[in-house]
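**Student:** Encoded as structure tokens, here's the structure I'll be asking about.
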Amino acid sequence: MLEAVLNAYNNVTTTTKATHIDCLAKCQRVSCSAAISVESNATCEMVTITTAKLSISANQVQQVIGSQVGAKVWKADDSDWPSPAVQLWNSSTGRNGSIQSVLINTTGCYLIKAAGARGGDNLLTNKAGGQGAQVSARVNLTAGTQLSIVVGQMGGSTSRNSEGGGGGGGSFVYRTGDQLLLLAAGGGGGASCLE
């Protein structure tokens with residue numbers, strides 16, 4: 001899905017009875033910034049962007065295109081349209097963090113990045129916990145796929161000389177339906193209690 005906050009856009013054109021090839025050909029003829037084709041209802045939408053920004057202010061409008069199930073989206077290489085991204089952070093504290101979910105609306109190849117949480121510190125010895133692992137993978141996903149995301153939380157810190165910091169939690173991404181693990185990033189170790 002392409003998502004952008006736009007100051008201005010023009011030449012939003014929707015045509016029917018269009019295949020994916022027709023849609024791309026028409027987009028190229030009018031030098032559009034993005035083309036969205038939905039084969040199930042044979043529609044093609046072409047958009048020319050004049051400006052695009054990621055921040056929202058009072059005079060800006062958020063426009064989302066390509067969110068229809070089964071939509072295929074193409075973006076021109078020279079377009080200043082920002083790449084789509086979804087960022088998820090840990091949603092609670094303690095051992096009972098929630099599992100977050102994302103619904104994939106557009107079939108395509110997605111880059112998924114995950115980072116394990118940092119380990120807890122030892123405040124008495126002034127030692128920091130270890131950094132969590134950072135991993136990424138490109139995954140082909142079809143429209144309608146639901147992903148479950150577990151975001152690791154930082155390990156607990158201590159100020160005692162007889163104990164170390166807690167280990168950081170791992171971060172995981174898996175398909176909700178069949179629980180197939182797509183990505184796992186281990187958490188960092190807790191700081192030592194030794195001087």
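Ordered as shown in the structure tokens, chains take letters A, B, and onward, while each chain numbers its residues from 1 and ligands are numbered from 1 in the order shown.
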Tell me which protein, DNA and RNA residues are within 8 Å of segment 126-142 of chain A, counting only C-alpha atoms, leaving out same-chain ones fewer than 5 positions away, and put them as JSON, numbers by chain.
**Tutor:** {"A": [104, 105, 106, 107, 108, 109, 110, 111, 112, 113, 114, 115, 116, 117, 118, 119, 120, 121, 165, 167, 168, 170, 182, 183, 184, 185, 186, 187, 188, 189, 190, 191, 192]}
**Student:** Keeping only N, CA and C atoms, take the residues you just selected and write them out as an mmCIF file, in the first residue's frame.
**Tutor:**
```
data_model
loop_
_atom_site.group_PDB
_atom_site.id
_atom_site.type_symbol
_atom_site.label_atom_id
_atom_site.label_comp_id
_atom_site.auth_asym_id
_atom_site.auth_seq_id
_atom_site.Cartn_x
_atom_site.Cartn_y
_atom_site.Cartn_z
ATOM 1 N N ILE A 104 -2.309 -7.040 5.451
ATOM 2 C CA ILE A 104 -1.693 -6.706 4.165
ATOM 3 C C ILE A 104 -2.793 -6.542 3.126
ATOM 4 N N ASN A 105 -2.897 -5.342 2.555
ATOM 5 C CA ASN A 105 -3.946 -5.051 1.576
ATOM 6 C C ASN A 105 -3.503 -5.262 0.140
ATOM 7 N N THR A 106 -2.209 -5.174 -0.110
ATOM 8 C CA THR A 106 -1.702 -5.226 -1.478
ATOM 9 C C THR A 106 -0.677 -6.344 -1.620
ATOM 10 N N THR A 107 -0.855 -7.206 -2.606
ATOM 11 C CA THR A 107 0.098 -8.280 -2.878
ATOM 12 C C THR A 107 1.424 -7.681 -3.334
ATOM 13 N N GLY A 108 2.521 -8.186 -2.803
ATOM 14 C CA GLY A 108 3.820 -7.673 -3.218
ATOM 15 C C GLY A 108 4.935 -8.210 -2.351
ATOM 16 N N CYS A 109 6.143 -7.706 -2.601
ATOM 17 C CA CYS A 109 7.331 -8.069 -1.841
ATOM 18 C C CYS A 109 7.550 -6.988 -0.774
ATOM 19 N N TYR A 110 7.627 -7.397 0.478
ATOM 20 C CA TYR A 110 7.735 -6.462 1.596
ATOM 21 C C TYR A 110 9.071 -6.652 2.306
ATOM 22 N N LEU A 111 9.682 -5.538 2.704
ATOM 23 C CA LEU A 111 10.887 -5.571 3.519
ATOM 24 C C LEU A 111 10.454 -5.457 4.980
ATOM 25 N N ILE A 112 10.786 -6.466 5.769
ATOM 26 C CA ILE A 112 10.442 -6.470 7.192
ATOM 27 C C ILE A 112 11.730 -6.366 7.985
ATOM 28 N N LYS A 113 11.764 -5.439 8.928
ATOM 29 C CA LYS A 113 12.923 -5.272 9.802
ATOM 30 C C LYS A 113 12.468 -5.439 11.246
ATOM 31 N N ALA A 114 13.301 -6.077 12.056
ATOM 32 C CA ALA A 114 12.978 -6.242 13.472
ATOM 33 C C ALA A 114 14.240 -6.098 14.296
ATOM 34 N N ALA A 115 14.064 -5.619 15.513
ATOM 35 C CA ALA A 115 15.184 -5.471 16.442
ATOM 36 C C ALA A 115 14.774 -6.007 17.797
ATOM 37 N N GLY A 116 15.634 -6.837 18.382
ATOM 38 C CA GLY A 116 15.395 -7.294 19.742
ATOM 39 C C GLY A 116 15.680 -6.164 20.720
ATOM 40 N N ALA A 117 15.081 -6.260 21.891
ATOM 41 C CA ALA A 117 15.230 -5.192 22.892
ATOM 42 C C ALA A 117 16.585 -5.277 23.586
ATOM 43 N N ARG A 118 17.021 -4.157 24.092
ATOM 44 C CA ARG A 118 18.280 -4.076 24.832
ATOM 45 C C ARG A 118 18.116 -4.728 26.201
ATOM 46 N N GLY A 119 19.206 -5.310 26.701
ATOM 47 C CA GLY A 119 19.198 -5.881 28.048
ATOM 48 C C GLY A 119 19.217 -4.795 29.107
ATOM 49 N N GLY A 120 18.794 -5.156 30.308
ATOM 50 C CA GLY A 120 18.745 -4.194 31.414
ATOM 51 C C GLY A 120 20.135 -3.817 31.920
ATOM 52 N N ASP A 121 20.236 -2.631 32.512
ATOM 53 C CA ASP A 121 21.509 -2.105 33.015
ATOM 54 C C ASP A 121 21.746 -2.524 34.463
ATOM 55 N N GLY A 165 21.392 -7.255 35.251
ATOM 56 C CA GLY A 165 20.171 -6.759 34.612
ATOM 57 C C GLY A 165 19.434 -7.883 33.900
ATOM 58 N N GLY A 167 17.456 -9.825 30.833
ATOM 59 C CA GLY A 167 17.659 -9.922 29.392
ATOM 60 C C GLY A 167 16.556 -9.213 28.624
ATOM 61 N N GLY A 168 16.898 -8.654 27.481
ATOM 62 C CA GLY A 168 15.906 -7.991 26.636
ATOM 63 C C GLY A 168 15.035 -9.011 25.920
ATOM 64 N N GLY A 170 12.872 -10.715 22.813
ATOM 65 C CA GLY A 170 13.007 -10.864 21.372
ATOM 66 C C GLY A 170 11.820 -10.262 20.640
ATOM 67 N N LEU A 182 8.182 -15.620 10.255
ATOM 68 C CA LEU A 182 8.850 -14.960 9.143
ATOM 69 C C LEU A 182 10.169 -14.320 9.566
ATOM 70 N N LEU A 183 10.250 -13.882 10.823
ATOM 71 C CA LEU A 183 11.418 -13.131 11.274
ATOM 72 C C LEU A 183 11.522 -13.206 12.792
ATOM 73 N N ALA A 184 12.752 -13.349 13.303
ATOM 74 C CA ALA A 184 12.974 -13.354 14.748
ATOM 75 C C ALA A 184 14.270 -12.626 15.047
ATOM 76 N N ALA A 185 14.234 -11.723 16.027
ATOM 77 C CA ALA A 185 15.419 -10.976 16.437
ATOM 78 C C ALA A 185 15.584 -11.139 17.948
ATOM 79 N N GLY A 186 16.688 -11.750 18.364
ATOM 80 C CA GLY A 186 16.911 -12.013 19.795
ATOM 81 C C GLY A 186 17.213 -10.750 20.584
ATOM 82 N N GLY A 187 16.854 -10.773 21.855
ATOM 83 C CA GLY A 187 17.122 -9.652 22.755
ATOM 84 C C GLY A 187 18.543 -9.673 23.282
ATOM 85 N N GLY A 188 19.018 -8.536 23.767
ATOM 86 C CA GLY A 188 20.364 -8.422 24.323
ATOM 87 C C GLY A 188 20.444 -8.945 25.741
ATOM 88 N N GLY A 189 21.645 -9.354 26.130
ATOM 89 C CA GLY A 189 21.856 -9.868 27.477
ATOM 90 C C GLY A 189 21.860 -8.751 28.516
ATOM 91 N N GLY A 190 21.483 -9.092 29.744
ATOM 92 C CA GLY A 190 21.497 -8.126 30.839
ATOM 93 C C GLY A 190 22.912 -7.848 31.294
ATOM 94 N N ALA A 191 23.120 -6.646 31.875
ATOM 95 C CA ALA A 191 24.458 -6.247 32.349
ATOM 96 C C ALA A 191 24.890 -7.124 33.517
ATOM 97 N N SER A 192 26.184 -7.386 33.581
ATOM 98 C CA SER A 192 26.750 -8.219 34.628
ATOM 99 C C SER A 192 26.688 -7.534 35.979
#
```
**Student:** Pick out the closest residue to Ser148 of chain A from this set: A:Thr176, A:Thr14, A:Thr125, A:Thr19. Count only C-alpha atoms.
**Tutor:**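 Under the stated criterion, the closest residue is A:Thr176.
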**Student:** Pick out the closest residue to Leu194 of chain A from this set: A:Leu124, A:Val38, A:Cys27, A:Met154. Count only C-alpha atoms.
**Tutor:** A:Leu124
**Student:** Excluding segment 29-37 of chain A and any residue of its chain fewer than 6 positions from it, enumerate the residues within 7 Å of it, using only C-alpha atoms, and give them as a VMD selection string.
**Tutor:** chain A and resid 20 23 43 to 49 66 71 to 76 79
**Student:** Based on DSSP run over this structure's backbone, return all residues of segment 111-188 of chain A in strand (DSSP E or B), as a compact mmCIF listing (two decimals) with all heavy atoms, in the first residue's frame.
**Tutor:**
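Output file part.txt follows:
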```
# COMPACT_ATOMS: atom_id res chain seq x y z
N LEU A 111 9.68 -5.54 2.70
CA LEU A 111 10.89 -5.57 3.52
C LEU A 111 10.45 -5.46 4.98
O LEU A 111 9.81 -4.49 5.37
CB LEU A 111 11.82 -4.41 3.16
CG LEU A 111 13.07 -4.26 4.04
CD1 LEU A 111 13.97 -5.48 3.93
CD2 LEU A 111 13.82 -2.99 3.69
N ILE A 112 10.79 -6.47 5.77
CA ILE A 112 10.44 -6.47 7.19
C ILE A 112 11.73 -6.37 7.99
O ILE A 112 12.69 -7.11 7.74
CB ILE A 112 9.68 -7.76 7.58
CG1 ILE A 112 8.41 -7.90 6.75
CG2 ILE A 112 9.35 -7.76 9.07
CD1 ILE A 112 7.67 -9.21 6.98
N LYS A 113 11.76 -5.44 8.93
CA LYS A 113 12.92 -5.27 9.80
C LYS A 113 12.47 -5.44 11.25
O LYS A 113 11.39 -4.98 11.61
CB LYS A 113 13.54 -3.88 9.63
CG LYS A 113 14.09 -3.60 8.26
CD LYS A 113 14.66 -2.19 8.20
CE LYS A 113 15.20 -1.86 6.82
NZ LYS A 113 15.73 -0.48 6.76
N ALA A 114 13.30 -6.08 12.06
CA ALA A 114 12.98 -6.24 13.47
C ALA A 114 14.24 -6.10 14.30
O ALA A 114 15.34 -6.42 13.84
CB ALA A 114 12.34 -7.61 13.72
N ALA A 115 14.06 -5.62 15.51
CA ALA A 115 15.18 -5.47 16.44
C ALA A 115 14.77 -6.01 17.80
O ALA A 115 13.68 -5.70 18.28
CB ALA A 115 15.60 -4.01 16.56
N ASN A 122 23.02 -2.45 34.90
CA ASN A 122 23.34 -2.54 36.32
C ASN A 122 23.77 -1.14 36.72
O ASN A 122 24.85 -0.68 36.37
CB ASN A 122 24.46 -3.55 36.59
CG ASN A 122 24.68 -3.76 38.07
OD1 ASN A 122 24.80 -2.80 38.83
ND2 ASN A 122 24.71 -5.02 38.50
N LYS A 127 27.16 -0.45 34.30
CA LYS A 127 27.31 -1.28 33.11
C LYS A 127 25.98 -1.32 32.37
O LYS A 127 24.91 -1.47 32.99
CB LYS A 127 27.76 -2.70 33.47
CG LYS A 127 29.16 -2.75 34.02
CD LYS A 127 29.64 -4.16 34.17
CE LYS A 127 31.09 -4.14 34.64
NZ LYS A 127 31.64 -5.48 34.71
N GLN A 134 19.56 -7.13 15.24
CA GLN A 134 18.75 -6.46 14.22
C GLN A 134 18.78 -7.32 12.97
O GLN A 134 19.86 -7.64 12.47
CB GLN A 134 19.30 -5.06 13.93
CG GLN A 134 19.19 -4.13 15.12
CD GLN A 134 19.58 -2.70 14.78
OE1 GLN A 134 19.64 -2.32 13.61
NE2 GLN A 134 19.84 -1.91 15.80
N VAL A 135 17.61 -7.71 12.48
CA VAL A 135 17.52 -8.57 11.31
C VAL A 135 16.49 -8.02 10.32
O VAL A 135 15.61 -7.23 10.70
CB VAL A 135 17.14 -10.03 11.69
CG1 VAL A 135 18.22 -10.67 12.54
CG2 VAL A 135 15.81 -10.06 12.43
N SER A 136 16.62 -8.41 9.06
CA SER A 136 15.65 -7.99 8.06
C SER A 136 15.48 -9.09 7.03
O SER A 136 16.37 -9.94 6.87
CB SER A 136 16.08 -6.68 7.38
OG SER A 136 17.28 -6.87 6.66
N ALA A 137 14.35 -9.09 6.35
CA ALA A 137 14.08 -10.09 5.32
C ALA A 137 13.07 -9.52 4.34
O ALA A 137 12.22 -8.70 4.70
CB ALA A 137 13.53 -11.38 5.94
N ARG A 138 13.19 -9.92 3.07
CA ARG A 138 12.19 -9.57 2.05
C ARG A 138 11.25 -10.78 1.91
O ARG A 138 11.71 -11.90 1.71
CB ARG A 138 12.85 -9.23 0.73
CG ARG A 138 13.66 -7.95 0.80
CD ARG A 138 14.11 -7.47 -0.56
NE ARG A 138 14.91 -6.27 -0.45
CZ ARG A 138 14.41 -5.04 -0.35
NH1 ARG A 138 13.12 -4.85 -0.36
NH2 ARG A 138 15.21 -3.99 -0.25
N VAL A 139 9.95 -10.51 2.03
CA VAL A 139 8.96 -11.58 2.07
C VAL A 139 7.85 -11.27 1.08
O VAL A 139 7.33 -10.14 1.05
CB VAL A 139 8.37 -11.73 3.49
CG1 VAL A 139 7.36 -12.86 3.55
CG2 VAL A 139 9.47 -11.93 4.52
N ASN A 140 7.46 -12.25 0.26
CA ASN A 140 6.31 -12.10 -0.63
C ASN A 140 5.04 -12.36 0.17
O ASN A 140 4.90 -13.42 0.78
CB ASN A 140 6.40 -13.08 -1.81
CG ASN A 140 7.47 -12.66 -2.79
OD1 ASN A 140 7.60 -11.49 -3.12
ND2 ASN A 140 8.24 -13.62 -3.26
N LEU A 141 4.13 -11.39 0.15
CA LEU A 141 2.87 -11.51 0.89
C LEU A 141 1.71 -11.22 -0.04
O LEU A 141 1.80 -10.35 -0.91
CB LEU A 141 2.84 -10.52 2.07
CG LEU A 141 3.91 -10.72 3.14
CD1 LEU A 141 3.92 -9.56 4.11
CD2 LEU A 141 3.71 -12.04 3.87
N GLN A 146 -2.76 -11.65 7.27
CA GLN A 146 -2.66 -10.97 8.56
C GLN A 146 -1.33 -11.35 9.19
O GLN A 146 -0.98 -12.53 9.27
CB GLN A 146 -3.81 -11.41 9.47
CG GLN A 146 -3.82 -10.71 10.81
CD GLN A 146 -4.87 -9.64 10.90
OE1 GLN A 146 -5.77 -9.58 10.09
NE2 GLN A 146 -4.75 -8.77 11.88
N LEU A 147 -0.57 -10.35 9.63
CA LEU A 147 0.69 -10.58 10.32
C LEU A 147 0.52 -10.28 11.80
O LEU A 147 -0.16 -9.32 12.17
CB LEU A 147 1.80 -9.70 9.76
CG LEU A 147 2.21 -9.90 8.30
CD1 LEU A 147 3.34 -8.96 7.94
CD2 LEU A 147 2.58 -11.33 8.02
N SER A 148 1.14 -11.09 12.64
CA SER A 148 1.19 -10.83 14.08
C SER A 148 2.61 -10.41 14.43
O SER A 148 3.57 -11.02 13.95
CB SER A 148 0.80 -12.08 14.86
OG SER A 148 -0.56 -12.40 14.65
N ILE A 149 2.73 -9.38 15.25
CA ILE A 149 4.03 -8.82 15.58
C ILE A 149 4.18 -8.75 17.10
O ILE A 149 3.31 -8.22 17.80
CB ILE A 149 4.22 -7.41 14.98
CG1 ILE A 149 4.20 -7.48 13.45
CG2 ILE A 149 5.53 -6.79 15.43
CD1 ILE A 149 2.91 -7.10 12.85
N VAL A 150 5.26 -9.32 17.60
CA VAL A 150 5.62 -9.22 19.01
C VAL A 150 6.86 -8.35 19.07
O VAL A 150 7.88 -8.68 18.46
CB VAL A 150 5.91 -10.61 19.62
CG1 VAL A 150 6.32 -10.48 21.07
CG2 VAL A 150 4.71 -11.53 19.47
N THR A 158 18.89 -3.00 37.42
CA THR A 158 19.05 -3.23 38.86
C THR A 158 20.08 -2.26 39.42
O THR A 158 20.94 -1.75 38.68
CB THR A 158 19.48 -4.68 39.14
OG1 THR A 158 19.55 -4.88 40.56
CG2 THR A 158 20.83 -4.98 38.53
N SER A 171 12.01 -9.95 19.36
CA SER A 171 10.94 -9.44 18.50
C SER A 171 10.67 -10.46 17.41
O SER A 171 11.60 -11.02 16.83
CB SER A 171 11.32 -8.09 17.90
OG SER A 171 11.45 -7.11 18.92
N PHE A 172 9.38 -10.70 17.10
CA PHE A 172 8.99 -11.76 16.18
C PHE A 172 7.89 -11.29 15.25
O PHE A 172 7.02 -10.52 15.66
CB PHE A 172 8.50 -12.99 16.96
CG PHE A 172 9.43 -13.44 18.05
CD1 PHE A 172 9.30 -12.95 19.35
CD2 PHE A 172 10.46 -14.31 17.77
CE1 PHE A 172 10.17 -13.35 20.35
CE2 PHE A 172 11.34 -14.71 18.77
CZ PHE A 172 11.21 -14.24 20.06
N VAL A 173 7.93 -11.75 14.01
CA VAL A 173 6.87 -11.49 13.04
C VAL A 173 6.45 -12.83 12.46
O VAL A 173 7.29 -13.60 11.99
CB VAL A 173 7.36 -10.55 11.90
CG1 VAL A 173 6.23 -10.30 10.90
CG2 VAL A 173 7.88 -9.24 12.47
N TYR A 174 5.14 -13.12 12.51
CA TYR A 174 4.65 -14.38 11.95
C TYR A 174 3.28 -14.19 11.30
O TYR A 174 2.57 -13.24 11.60
CB TYR A 174 4.61 -15.48 13.02
CG TYR A 174 3.68 -15.21 14.19
CD1 TYR A 174 2.37 -15.67 14.18
CD2 TYR A 174 4.12 -14.52 15.31
CE1 TYR A 174 1.52 -15.44 15.26
CE2 TYR A 174 3.29 -14.28 16.39
CZ TYR A 174 1.99 -14.74 16.36
OH TYR A 174 1.16 -14.51 17.43
N ARG A 175 2.96 -15.10 10.37
CA ARG A 175 1.64 -15.07 9.75
C ARG A 175 0.63 -15.57 10.76
O ARG A 175 0.81 -16.64 11.36
CB ARG A 175 1.62 -15.95 8.50
CG ARG A 175 2.33 -15.33 7.32
CD ARG A 175 2.01 -16.00 6.00
NE ARG A 175 2.02 -17.46 6.04
CZ ARG A 175 2.59 -18.23 5.12
NH1 ARG A 175 3.20 -17.69 4.09
NH2 ARG A 175 2.55 -19.53 5.24
N LEU A 181 6.56 -18.55 11.21
CA LEU A 181 7.50 -17.51 11.64
C LEU A 181 8.23 -16.95 10.43
O LEU A 181 8.81 -17.68 9.64
CB LEU A 181 8.50 -18.10 12.64
CG LEU A 181 9.52 -17.12 13.22
CD1 LEU A 181 8.83 -16.06 14.07
CD2 LEU A 181 10.54 -17.89 14.06
N LEU A 182 8.18 -15.62 10.25
CA LEU A 182 8.85 -14.96 9.14
C LEU A 182 10.17 -14.32 9.57
O LEU A 182 11.10 -14.21 8.77
CB LEU A 182 7.94 -13.89 8.54
CG LEU A 182 6.59 -14.37 8.00
CD1 LEU A 182 5.76 -13.19 7.52
CD2 LEU A 182 6.79 -15.39 6.88
N LEU A 183 10.25 -13.88 10.82
CA LEU A 183 11.42 -13.13 11.27
C LEU A 183 11.52 -13.21 12.79
O LEU A 183 10.51 -13.13 13.48
CB LEU A 183 11.25 -11.67 10.84
CG LEU A 183 12.49 -10.80 10.75
CD1 LEU A 183 13.41 -11.31 9.64
CD2 LEU A 183 12.10 -9.38 10.45
N ALA A 184 12.75 -13.35 13.30
CA ALA A 184 12.97 -13.35 14.75
C ALA A 184 14.27 -12.63 15.05
O ALA A 184 15.28 -12.85 14.39
CB ALA A 184 13.03 -14.78 15.27
N ALA A 185 14.23 -11.72 16.03
CA ALA A 185 15.42 -10.98 16.44
C ALA A 185 15.58 -11.14 17.95
O ALA A 185 14.71 -10.74 18.72
CB ALA A 185 15.28 -9.50 16.07
```
**Student:** What is the distance between atom CA of Val102 of chain A and atom CA of Gly70 of chain A, in Å to one decimal?
**Tutor:** 16.0 Å
**Student:** Using Å and a single decimal, report how far atom CA of Gly177 of chain A sits from atom CA of Val151 of chain A.
**Tutor:** 18.9 Å
**Student:** Distance atom CA of Gln179 of chain A-atom CA of Thr145 of chain A, one decimal place?
**Tutor:**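 Here the two named atoms are 11.4 Å from each other.
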**Student:** Which residue out of A:Leu123, A:Leu103, A:Ala18, A:Cys193 has the minimum interatomic distance to Glu163 of chain A when only C-alpha atoms are used?
**Tutor:**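 Of all the options, A:Cys193 lies closest to Glu163 of chain A.
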